[in-house]
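Coordinates from input.tsv are shown below (TSV, C-alpha atoms).
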chain	number	residue	atom	x	y	z
F	1	PRO	CA	62.21	-189.99	-110.06
F	2	SER	CA	63.56	-186.46	-110.46
F	3	SER	CA	61.84	-185.97	-113.81
F	4	LEU	CA	58.55	-187.15	-112.30
F	5	VAL	CA	58.92	-184.74	-109.38
F	6	LYS	CA	59.66	-181.90	-111.82
F	7	MET	CA	56.50	-182.80	-113.75
F	8	LEU	CA	54.46	-182.71	-110.53
F	9	ALA	CA	56.06	-179.42	-109.49
F	10	ALA	CA	54.73	-177.84	-112.69
F	11	ASP	CA	51.16	-178.86	-111.84
F	12	PRO	CA	49.25	-175.82	-110.54
F	13	SER	CA	46.87	-178.01	-108.55
F	14	LEU	CA	49.84	-178.98	-106.37
F	15	ARG	CA	52.04	-175.92	-106.34
F	16	LEU	CA	49.28	-173.37	-105.76
F	17	ASN	CA	48.18	-174.64	-102.35
F	18	GLU	CA	50.10	-175.12	-99.11
F	19	GLN	CA	49.47	-178.85	-98.74
F	20	GLY	CA	50.47	-179.48	-102.34
F	21	ARG	CA	53.69	-177.52	-101.86
F	22	GLY	CA	54.34	-179.54	-98.70
F	23	LEU	CA	53.97	-182.77	-100.65
F	24	LEU	CA	56.30	-181.46	-103.35
F	25	ARG	CA	58.91	-180.54	-100.72
F	26	LEU	CA	58.72	-184.07	-99.30
F	27	LEU	CA	59.08	-185.59	-102.75
F	28	VAL	CA	62.06	-183.38	-103.59
F	29	THR	CA	63.86	-184.49	-100.43
F	30	GLN	CA	63.21	-188.13	-101.33
F	31	THR	CA	64.58	-187.76	-104.86
F	32	ILE	CA	68.07	-189.15	-104.53
F	33	ASP	CA	70.08	-190.56	-107.40
F	34	PRO	CA	70.81	-194.25	-106.76
F	35	ALA	CA	74.54	-193.54	-106.97
F	36	GLU	CA	74.22	-191.19	-103.98
F	37	TRP	CA	72.95	-193.92	-101.64
F	38	SER	CA	76.43	-195.39	-101.21
F	39	SER	CA	77.84	-192.10	-100.06
F	40	LEU	CA	74.94	-191.67	-97.63
F	41	VAL	CA	75.52	-195.13	-96.19
F	42	ASP	CA	79.16	-194.21	-95.67
F	43	VAL	CA	78.37	-191.13	-93.56
F	44	VAL	CA	76.26	-193.00	-91.00
F	45	PRO	CA	78.42	-193.72	-87.95
F	46	ALA	CA	78.37	-197.38	-86.95
F	47	HIS	CA	77.07	-196.50	-83.48
F	48	ARG	CA	74.02	-194.76	-85.04
F	49	ALA	CA	73.23	-197.27	-87.77
F	50	ASP	CA	70.44	-198.85	-85.72
F	51	VAL	CA	68.69	-195.50	-85.36
F	52	VAL	CA	68.99	-194.69	-89.06
F	53	ILE	CA	67.78	-198.20	-89.96
F	54	GLU	CA	64.74	-197.75	-87.73
F	55	LEU	CA	63.97	-194.36	-89.27
F	56	ALA	CA	64.43	-195.61	-92.85
F	57	GLU	CA	62.15	-198.59	-92.22
F	58	SER	CA	59.55	-196.35	-90.59
F	59	PHE	CA	59.65	-193.88	-93.49
F	60	SER	CA	59.38	-196.76	-95.95
F	61	ALA	CA	56.29	-198.12	-94.20
F	62	THR	CA	54.72	-194.67	-94.10
F	63	TRP	CA	55.29	-194.09	-97.84
F	64	SER	CA	53.93	-197.57	-98.55
F	65	ARG	CA	50.72	-196.81	-96.66
F	66	PHE	CA	50.46	-193.49	-98.50
F	67	ALA	CA	50.84	-195.29	-101.86
F	68	ASP	CA	48.23	-197.86	-100.86
F	69	GLU	CA	45.76	-195.12	-99.94
F	70	LEU	CA	46.34	-193.38	-103.28
F	71	LYS	CA	45.82	-196.68	-105.12
F	72	ARG	CA	42.52	-197.29	-103.30
F	73	ARG	CA	41.36	-193.76	-104.09
F	74	SER	CA	42.31	-194.00	-107.76
F	75	MET	CA	40.51	-197.33	-108.11
F	76	SER	CA	37.31	-195.90	-106.66
F	77	THR	CA	37.14	-192.97	-109.10
Is it possible to give me this structure as structure tokens?
Amino acid sequence: PSSLVKMLAADPSLRLNEQGRGLLRLLVTQTIDPAEWSSLVDVVPAHRADVVIELAESFSATWSRFADELKRRSMST
């Protein structure tokens, strides 16, 4: 994913407007090497796991809806 984000970051149509830069910032924060996930899991305190699970599932659903909307738009063009 990091190479794809770098490719997008070089695209002037994204980086030269505020909303595009916002999307790039979101994508950069989501670009985590799979090996890093284990260390992130380890830092979540057991008494907060339910909150982090809820957030992760919510973010996942949001990104999925975003992807679905992009797919619909790309199919209609």
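One distance worth recording is that between atom CA of F:Ile53 and atom CA of F:Arg65, which is 18.4 Å.
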Report, in Å to a single decimal, how far apart atom CA of F:Val44 and atom CA of F:Phe66 are. 26.9 Å
Atomic distance atom CA of F:Gln30 - atom CA of F:Pro12, expressed in Å with one decimal: 20.8 Å
Around all the atoms of stretch 57-65 of chain F listed in the file, draw an axis-aligned box and extend it by 3 Å on each of the six sides; I want its centre and edge lengths in Å to one decimal, as lines of an AutoDock Vina configuration file.
center_x = 56.4
center_y = -196.2
center_z = -94.6
size_x = 17.4
size_y = 10.7
size_z = 14.0
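With distances restricted to all atoms listed in the file, F:Val5 is the closest residue to F:Thr31 from F:Leu70, F:Ala61, F:Val51, F:Val5.
The residue that comes closest to F:Ala9, out of F:Val52, F:Ile32, F:Ala67, F:Leu27 and on the basis of all atoms listed in the file, is F:Leu27.
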Quick one: residues within 8 Å of F:Leu8, only C-alpha atoms, excluding same-chain residues fewer than 4 positions away - as a ChimeraX atom specification? /F:4,14,24
